[in-house]
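K.L.:
I'm passing along protein33.pdb; it holds PDB, C-alpha atoms.
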```
ATOM      1  CA  MET A   1      -1.472  -9.824 -13.676
ATOM      2  CA  ASP A   2       0.124 -12.960 -12.207
ATOM      3  CA  THR A   3      -2.241 -13.535  -9.261
ATOM      4  CA  GLU A   4      -0.170 -16.379  -7.798
ATOM      5  CA  ARG A   5       3.010 -14.290  -7.732
ATOM      6  CA  THR A   6       1.079 -11.315  -6.330
ATOM      7  CA  ALA A   7      -0.305 -13.512  -3.518
ATOM      8  CA  LEU A   8       3.173 -14.877  -2.789
ATOM      9  CA  GLN A   9       4.651 -11.383  -2.648
ATOM     10  CA  LEU A  10       1.873 -10.217  -0.308
ATOM     11  CA  ARG A  11       2.647 -13.154   2.020
ATOM     12  CA  LEU A  12       6.334 -12.210   1.951
ATOM     13  CA  ILE A  13       5.486  -8.580   2.724
ATOM     14  CA  ALA A  14       3.475  -9.719   5.734
ATOM     15  CA  ASP A  15       6.312 -12.019   6.798
ATOM     16  CA  THR A  16       8.854  -9.204   6.483
ATOM     17  CA  VAL A  17       6.742  -6.888   8.638
ATOM     18  CA  GLU A  18       6.471  -9.672  11.244
ATOM     19  CA  ALA A  19      10.230 -10.308  11.022
ATOM     20  CA  ALA A  20      10.955  -6.623  11.583
ATOM     21  CA  GLU A  21       8.669  -6.541  14.617
ATOM     22  CA  ALA A  22      10.321  -9.683  16.031
ATOM     23  CA  ALA A  23      13.775  -8.142  15.481
ATOM     24  CA  GLY A  24      12.846  -4.772  16.981
ATOM     25  CA  ALA A  25      13.527  -3.159  13.610
ATOM     26  CA  GLN A  26      11.568  -0.735  11.485
ATOM     27  CA  VAL A  27      10.851  -1.246   7.791
ATOM     28  CA  TRP A  28       9.007   0.819   5.192
ATOM     29  CA  LEU A  29       7.828  -0.590   1.892
ATOM     30  CA  ARG A  30       8.937   1.506  -1.081
ATOM     31  CA  GLY A  31       8.609   1.273  -4.844
ATOM     32  CA  GLY A  32       5.648  -0.165  -6.704
ATOM     33  CA  TRP A  33       4.322  -2.169  -3.787
ATOM     34  CA  ALA A  34       4.222   0.939  -1.561
ATOM     35  CA  MET A  35       2.127   2.596  -4.263
ATOM     36  CA  ASP A  36      -0.222  -0.406  -4.372
ATOM     37  CA  PHE A  37      -0.627  -0.358  -0.587
ATOM     38  CA  PHE A  38      -1.398   3.367  -0.707
ATOM     39  CA  LEU A  39      -3.961   2.766  -3.466
ATOM     40  CA  GLY A  40      -5.360  -0.296  -1.660
ATOM     41  CA  ARG A  41      -5.091  -2.606  -4.695
ATOM     42  CA  PRO A  42      -2.478  -4.287  -6.862
ATOM     43  CA  THR A  43      -1.974  -2.295 -10.059
ATOM     44  CA  ARG A  44       0.665  -4.326 -11.879
ATOM     45  CA  ASP A  45       3.116  -7.202 -11.546
ATOM     46  CA  HIS A  46       6.157  -6.486  -9.403
ATOM     47  CA  GLU A  47       9.616  -7.927  -9.907
ATOM     48  CA  ASP A  48      10.718  -7.661  -6.290
ATOM     49  CA  LEU A  49      10.060  -6.119  -2.885
ATOM     50  CA  ASP A  50      11.787  -2.823  -2.078
ATOM     51  CA  TRP A  51      12.222  -1.666   1.510
ATOM     52  CA  PHE A  52      13.921   0.921   3.669
ATOM     53  CA  THR A  53      15.294   0.103   7.127
ATOM     54  CA  TRP A  54      17.612   1.843   9.568
ATOM     55  CA  ALA A  55      21.261   0.862   9.218
ATOM     56  CA  ALA A  56      21.342   0.414  13.004
ATOM     57  CA  ASP A  57      18.596  -2.248  12.718
ATOM     58  CA  ALA A  58      20.060  -4.072   9.710
ATOM     59  CA  SER A  59      21.956  -6.859  11.492
ATOM     60  CA  ARG A  60      18.996  -7.757  13.738
ATOM     61  CA  LEU A  61      16.614  -7.696  10.784
ATOM     62  CA  ALA A  62      18.994  -9.792   8.660
ATOM     63  CA  ALA A  63      19.304 -12.415  11.401
ATOM     64  CA  GLU A  64      15.522 -12.689  11.704
ATOM     65  CA  LEU A  65      15.038 -12.907   7.936
ATOM     66  CA  LEU A  66      17.663 -15.676   7.754
ATOM     67  CA  ARG A  67      15.857 -17.502  10.565
ATOM     68  CA  ARG A  68      12.668 -17.314   8.481
ATOM     69  CA  GLY A  69      14.231 -18.848   5.376
ATOM     70  CA  HIS A  70      15.396 -15.793   3.464
ATOM     71  CA  ARG A  71      18.793 -16.253   1.833
ATOM     72  CA  PRO A  72      21.328 -13.462   1.274
ATOM     73  CA  LEU A  73      22.130 -12.360  -2.253
ATOM     74  CA  PRO A  74      25.242 -10.612  -3.495
ATOM     75  CA  GLY A  75      24.587  -6.997  -4.275
ATOM     76  CA  PRO A  76      25.587  -3.515  -3.230
ATOM     77  CA  PRO A  77      27.981  -3.222  -0.288
ATOM     78  CA  PRO A  78      26.238  -4.071   3.002
ATOM     79  CA  ASP A  79      26.683  -0.517   4.309
ATOM     80  CA  ARG A  80      24.191   0.603   1.611
ATOM     81  CA  GLN A  81      21.728  -2.231   1.045
ATOM     82  CA  LEU A  82      20.923  -5.800   2.057
ATOM     83  CA  ASP A  83      19.491  -8.169  -0.552
ATOM     84  CA  PHE A  84      17.658 -11.427   0.147
ATOM     85  CA  VAL A  85      15.615 -14.011  -1.737
ATOM     86  CA  ARG A  86      12.876 -16.313  -0.528
ATOM     87  CA  ASP A  87      10.584 -18.453  -2.657
ATOM     88  CA  GLY A  88      12.102 -16.899  -5.775
ATOM     89  CA  VAL A  89      11.238 -13.327  -4.737
ATOM     90  CA  GLU A  90      14.020 -10.828  -4.109
ATOM     91  CA  SER A  91      13.834  -8.230  -1.348
ATOM     92  CA  GLN A  92      16.149  -5.220  -1.202
ATOM     93  CA  PHE A  93      16.594  -3.241   1.998
ATOM     94  CA  ALA A  94      18.130   0.195   1.387
ATOM     95  CA  LEU A  95      19.731   1.442   4.594
ATOM     96  CA  LEU A  96      18.862   4.742   6.230
ATOM     97  CA  ASP A  97      20.516   6.947   8.815
ATOM     98  CA  ARG A  98      19.940  10.412  10.270
ATOM     99  CA  ASP A  99      22.261  13.376   9.975
ATOM    100  CA  ARG A 100      23.048  15.838  12.777
ATOM    101  CA  ALA A 101      19.962  17.868  11.874
ATOM    102  CA  GLY A 102      17.759  14.756  12.218
ATOM    103  CA  ARG A 103      17.049  14.403   8.491
ATOM    104  CA  VAL A 104      16.707  10.924   6.995
ATOM    105  CA  VAL A 105      19.782  10.307   4.839
ATOM    106  CA  VAL A 106      21.501   7.613   2.795
ATOM    107  CA  ALA A 107      23.427   5.448   5.271
ATOM    108  CA  GLY A 108      26.496   4.455   3.271
ATOM    109  CA  GLY A 109      28.362   4.374   0.010
ATOM    110  CA  PRO A 110      29.175   7.279  -2.283
ATOM    111  CA  TRP A 111      25.916   9.075  -1.411
ATOM    112  CA  ALA A 112      26.237   8.631   2.373
ATOM    113  CA  GLY A 113      24.696  11.590   4.137
ATOM    114  CA  GLU A 114      22.594  12.696   1.163
ATOM    115  CA  PRO A 115      19.047  13.477   2.327
ATOM    116  CA  TRP A 116      16.002  11.537   1.266
ATOM    117  CA  PRO A 117      12.774  13.503   0.649
ATOM    118  CA  ASP A 118      11.336  15.319   3.670
ATOM    119  CA  GLY A 119       8.445  13.454   5.269
ATOM    120  CA  MET A 120       9.356  10.216   3.527
ATOM    121  CA  LEU A 121       8.688   8.084   6.619
ATOM    122  CA  ASP A 122       5.661  10.042   7.855
ATOM    123  CA  ALA A 123       2.891   8.176   6.012
ATOM    124  CA  PRO A 124       0.592   6.047   8.130
ATOM    125  CA  PRO A 125       0.743   2.286   7.561
ATOM    126  CA  ALA A 126      -1.462   1.140   4.707
ATOM    127  CA  SER A 127      -3.397  -2.042   4.039
ATOM    128  CA  LEU A 128      -3.874  -4.241   1.042
ATOM    129  CA  GLY A 129      -6.371  -6.946   1.856
ATOM    130  CA  ALA A 130      -5.464  -8.380   5.251
ATOM    131  CA  VAL A 131      -1.843  -7.188   5.080
ATOM    132  CA  ARG A 132      -0.937  -3.968   6.903
ATOM    133  CA  CYS A 133       2.448  -2.416   6.241
ATOM    134  CA  PRO A 134       4.440   0.769   6.864
ATOM    135  CA  ILE A 135       5.005   2.584   3.553
ATOM    136  CA  VAL A 136       7.003   5.487   2.215
ATOM    137  CA  SER A 137       4.820   8.560   1.749
ATOM    138  CA  PRO A 138       3.237   8.956  -1.694
ATOM    139  CA  ALA A 139       4.831  12.395  -2.163
ATOM    140  CA  ALA A 140       8.268  10.904  -1.460
ATOM    141  CA  GLN A 141       7.519   8.018  -3.828
ATOM    142  CA  ILE A 142       6.785  10.504  -6.587
ATOM    143  CA  GLU A 143       9.953  12.489  -5.885
ATOM    144  CA  ILE A 144      12.127   9.357  -5.754
ATOM    145  CA  LYS A 145      10.684   7.997  -9.013
ATOM    146  CA  ARG A 146      11.147  11.381 -10.720
ATOM    147  CA  MET A 147      14.619  12.063  -9.394
ATOM    148  CA  THR A 148      16.365   8.675  -9.489
ATOM    149  CA  PRO A 149      17.524   9.114 -13.117
ATOM    150  CA  VAL A 150      18.847  12.559 -12.134
ATOM    151  CA  TRP A 151      20.505  11.339  -8.927
ATOM    152  CA  VAL A 152      22.009   8.339 -10.739
ATOM    153  CA  PRO A 153      23.068   9.550 -14.184
ATOM    154  CA  GLY A 154      22.788   6.854 -16.817
ATOM    155  CA  LEU A 155      19.864   5.147 -15.112
ATOM    156  CA  PRO A 156      17.091   5.192 -17.702
ATOM    157  CA  ARG A 157      13.611   6.506 -17.062
ATOM    158  CA  ARG A 158      11.271   3.534 -17.030
ATOM    159  CA  PRO A 159       7.727   3.586 -18.410
ATOM    160  CA  LYS A 160       6.420   1.867 -15.252
ATOM    161  CA  ASP A 161       7.767   4.752 -13.139
ATOM    162  CA  ALA A 162       5.898   7.323 -15.260
ATOM    163  CA  GLU A 163       2.723   5.228 -14.921
ATOM    164  CA  ASP A 164       3.232   4.925 -11.143
ATOM    165  CA  ILE A 165       3.731   8.688 -10.823
ATOM    166  CA  ALA A 166       0.500   9.313 -12.748
ATOM    167  CA  ARG A 167      -1.425   6.868 -10.527
ATOM    168  CA  LEU A 168      -0.078   8.385  -7.326
ATOM    169  CA  GLU A 169      -0.719  11.967  -8.448
ATOM    170  CA  ALA A 170      -4.292  11.102  -9.473
ATOM    171  CA  ALA A 171      -4.929   9.401  -6.117
ATOM    172  CA  LEU A 172      -3.496  12.351  -4.182
ATOM    173  CA  ARG A 173      -5.639  14.801  -6.185
ATOM    174  CA  ALA A 174      -8.740  12.657  -5.553
ATOM    175  CA  ARG A 175      -8.004  12.471  -1.799
ATOM    176  CA  ASN A 176      -7.671  16.235  -1.735
ATOM    177  CA  GLY A 177     -10.942  16.733  -3.605
ATOM    178  CA  LEU A 178      -9.250  17.956  -6.785
ATOM    179  CA  PRO A 179     -10.122  16.772 -10.278
ATOM    180  CA  ARG A 180      -8.160  13.806 -11.519
TER     181      ARG A 180
END
```
Please, can you express the file's structure as structure tokens?
P.N.:
Amino acid sequence: MDTERTALQLRLIADTVEAAEAAGAQVWLRGGWAMDFFLGRPTRDHEDLDWFTWAADASRLAAELLRRGHRPLPGPPPDRQLDFVRDGVESQFALLDRDRAGRVVVAGGPWAGEPWPDGMLDAPPASLGAVRCPIVSPAAQIEIKRMTPVWVPGLPRRPKDAEDIARLEAALRARNGLPR
């Protein structure tokens, strides 16, 4: 594992949480880093930082990230996701909304209004070392990693996703007193 890159990414996670607080925005770490925060330890190298934020908070969050030295990257349309880079590390912020029933849904693009997993934002913040961060629930992480190739046909299943699912399922079984 690249310990220098891991340390840099942890600093950027902490900075992003601080930026969100300063902007009055909410963020939730998702992807491999959310798994690592849930497990309380880094498990592998990560290419980037994946986040969720409310579409209504996106402009305030973006302004604060820019103020802190993050630079915008081209990517998906800004009604779906905001992409930034700082110190060579990319951060992607997928945008969320709520539907009339109060469910968390995709904010924009061709899947606008499609629901995310129930309870996705209900996990308590988690810590990794001195960094504390809101995370997507482990059950939602598992569902997202399992379903993304189904939701987005043509997107290949990745070995790291299967490994992450196995780690999360083992940790959930252990927390519930079940055999690993």
K.L.:
Run the PyMOL selection byres ((chain A and resi 19) around 12) against the file shown and list the residues it catches, as a list of chain:residue names.
P.N.:
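Matching residues under the PyMOL selection byres ((chain A and resi 19) around 12) are A:Leu12, A:Ile13, A:Ala14, A:Asp15, A:Thr16, A:Val17, A:Glu18, A:Ala20, A:Glu21, A:Ala22, A:Ala23, A:Gly24, A:Ala25, A:Gln26, A:Val27, A:Asp57, A:Ala58, A:Arg60, A:Leu61, A:Ala62, A:Ala63, A:Glu64, A:Leu65, A:Leu66, A:Arg67, A:Arg68, A:Gly69, A:His70.
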K.L.:
Specify as a list in words each residue included when the PyMOL selection byres ((chain A and resi 32) around 9) is applied to this file.
P.N.:
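Evaluating the PyMOL selection byres ((chain A and resi 32) around 9) on these coordinates yields Leu29, Arg30, Gly31, Trp33, Ala34, Met35, Asp36, Phe37, Thr43, Arg44, Asp45, His46, Leu49, Asp50, Gln141, Lys160, Asp161 and Asp164 of chain A.
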K.L.:
How would the residues just picked look written out with C-alpha atoms as an mmCIF file, in the frame of the given file?
P.N.:
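The new file part11.cif reads:
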```
data_model
loop_
_atom_site.group_PDB
_atom_site.id
_atom_site.type_symbol
_atom_site.label_atom_id
_atom_site.label_comp_id
_atom_site.auth_asym_id
_atom_site.auth_seq_id
_atom_site.Cartn_x
_atom_site.Cartn_y
_atom_site.Cartn_z
ATOM 1 C CA LEU A 29 7.828 -0.590 1.892
ATOM 2 C CA ARG A 30 8.937 1.506 -1.081
ATOM 3 C CA GLY A 31 8.609 1.273 -4.844
ATOM 4 C CA TRP A 33 4.322 -2.169 -3.787
ATOM 5 C CA ALA A 34 4.222 0.939 -1.561
ATOM 6 C CA MET A 35 2.127 2.596 -4.263
ATOM 7 C CA ASP A 36 -0.222 -0.406 -4.372
ATOM 8 C CA PHE A 37 -0.627 -0.358 -0.587
ATOM 9 C CA THR A 43 -1.974 -2.295 -10.059
ATOM 10 C CA ARG A 44 0.665 -4.326 -11.879
ATOM 11 C CA ASP A 45 3.116 -7.202 -11.546
ATOM 12 C CA HIS A 46 6.157 -6.486 -9.403
ATOM 13 C CA LEU A 49 10.060 -6.119 -2.885
ATOM 14 C CA ASP A 50 11.787 -2.823 -2.078
ATOM 15 C CA GLN A 141 7.519 8.018 -3.828
ATOM 16 C CA LYS A 160 6.420 1.867 -15.252
ATOM 17 C CA ASP A 161 7.767 4.752 -13.139
ATOM 18 C CA ASP A 164 3.232 4.925 -11.143
#
```
K.L.:
I need the residue set behind the PyMOL selection byres ((chain A and resi 165) around 12) for this file; please write it as an NGL selection string.
P.N.:
:A and (31-32 or 35-36 or 138-147 or 157-164 or 166-172)
K.L.:
For a test of reading the model, state the distance in Å between atom CA of A:Val106 and atom CA of A:Ser137, rounded to one decimal.
P.N.:
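That distance, rounded to one decimal, is 16.7 Å.
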K.L.:
Could you jot down the atom CA of A:Arg71 to atom CA of A:Ala123 separation for me, Å, one decimal place?
P.N.:
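Distance reported for this atom pair: 29.4 Å.
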K.L.:
Select, from A:Thr3, A:Gln81, A:Thr148, A:Gln92, the residue with the minimum atom-to-atom distance to A:Trp116, counting all atoms listed in the file.
P.N.:
A:Thr148
K.L.:
Mind listing as a PyMOL selection string all residues within 12 Å of (-3.9, -5.8, 0.4), counting only C-alpha atoms?
P.N.:
chain A and resi 6-11+13-14+33-43+125-133
K.L.:
Just the selected residues (C-alpha atoms), exported as an mmCIF file, in the coordinates of the input, please.
P.N.:
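The file below, part-v3.cif, is the result:
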```cif
data_model
loop_
_atom_site.group_PDB
_atom_site.id
_atom_site.type_symbol
_atom_site.label_atom_id
_atom_site.label_comp_id
_atom_site.auth_asym_id
_atom_site.auth_seq_id
_atom_site.Cartn_x
_atom_site.Cartn_y
_atom_site.Cartn_z
ATOM 1 C CA THR A 6 1.079 -11.315 -6.330
ATOM 2 C CA ALA A 7 -0.305 -13.512 -3.518
ATOM 3 C CA LEU A 8 3.173 -14.877 -2.789
ATOM 4 C CA GLN A 9 4.651 -11.383 -2.648
ATOM 5 C CA LEU A 10 1.873 -10.217 -0.308
ATOM 6 C CA ARG A 11 2.647 -13.154 2.020
ATOM 7 C CA ILE A 13 5.486 -8.580 2.724
ATOM 8 C CA ALA A 14 3.475 -9.719 5.734
ATOM 9 C CA TRP A 33 4.322 -2.169 -3.787
ATOM 10 C CA ALA A 34 4.222 0.939 -1.561
ATOM 11 C CA MET A 35 2.127 2.596 -4.263
ATOM 12 C CA ASP A 36 -0.222 -0.406 -4.372
ATOM 13 C CA PHE A 37 -0.627 -0.358 -0.587
ATOM 14 C CA PHE A 38 -1.398 3.367 -0.707
ATOM 15 C CA LEU A 39 -3.961 2.766 -3.466
ATOM 16 C CA GLY A 40 -5.360 -0.296 -1.660
ATOM 17 C CA ARG A 41 -5.091 -2.606 -4.695
ATOM 18 C CA PRO A 42 -2.478 -4.287 -6.862
ATOM 19 C CA THR A 43 -1.974 -2.295 -10.059
ATOM 20 C CA PRO A 125 0.743 2.286 7.561
ATOM 21 C CA ALA A 126 -1.462 1.140 4.707
ATOM 22 C CA SER A 127 -3.397 -2.042 4.039
ATOM 23 C CA LEU A 128 -3.874 -4.241 1.042
ATOM 24 C CA GLY A 129 -6.371 -6.946 1.856
ATOM 25 C CA ALA A 130 -5.464 -8.380 5.251
ATOM 26 C CA VAL A 131 -1.843 -7.188 5.080
ATOM 27 C CA ARG A 132 -0.937 -3.968 6.903
ATOM 28 C CA CYS A 133 2.448 -2.416 6.241
#
```
K.L.:
Could you check how far atom CA of A:Phe52 sits from atom CA of A:Pro76, in Å to one decimal?
P.N.:
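Distance reported for this atom pair: 14.3 Å.
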K.L.:
Return as lines of an AutoDock Vina configuration file the centre and edge lengths, in Å with one decimal, of the box along x, y and z that encloses every atom of stretch 31-43 of chain A in the file, padded by 4 Å per side.
P.N.:
```
center_x = 1.6
center_y = -0.5
center_z = -5.3
size_x = 22.0
size_y = 15.7
size_z = 17.5
```
K.L.:
What's the 10 Å shell around A:Val105, counting all atoms listed in the file, without same-chain residues fewer than 2 positions away, as a count of residues only?
P.N.:
18
K.L.:
Which residue, A:Asp79, A:Gly88, A:Ile135, A:Phe93, has the smallest gap to A:Gly119 when you use all atoms listed in the file?
P.N.:
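So, comparing all the options, the nearest one is A:Ile135.
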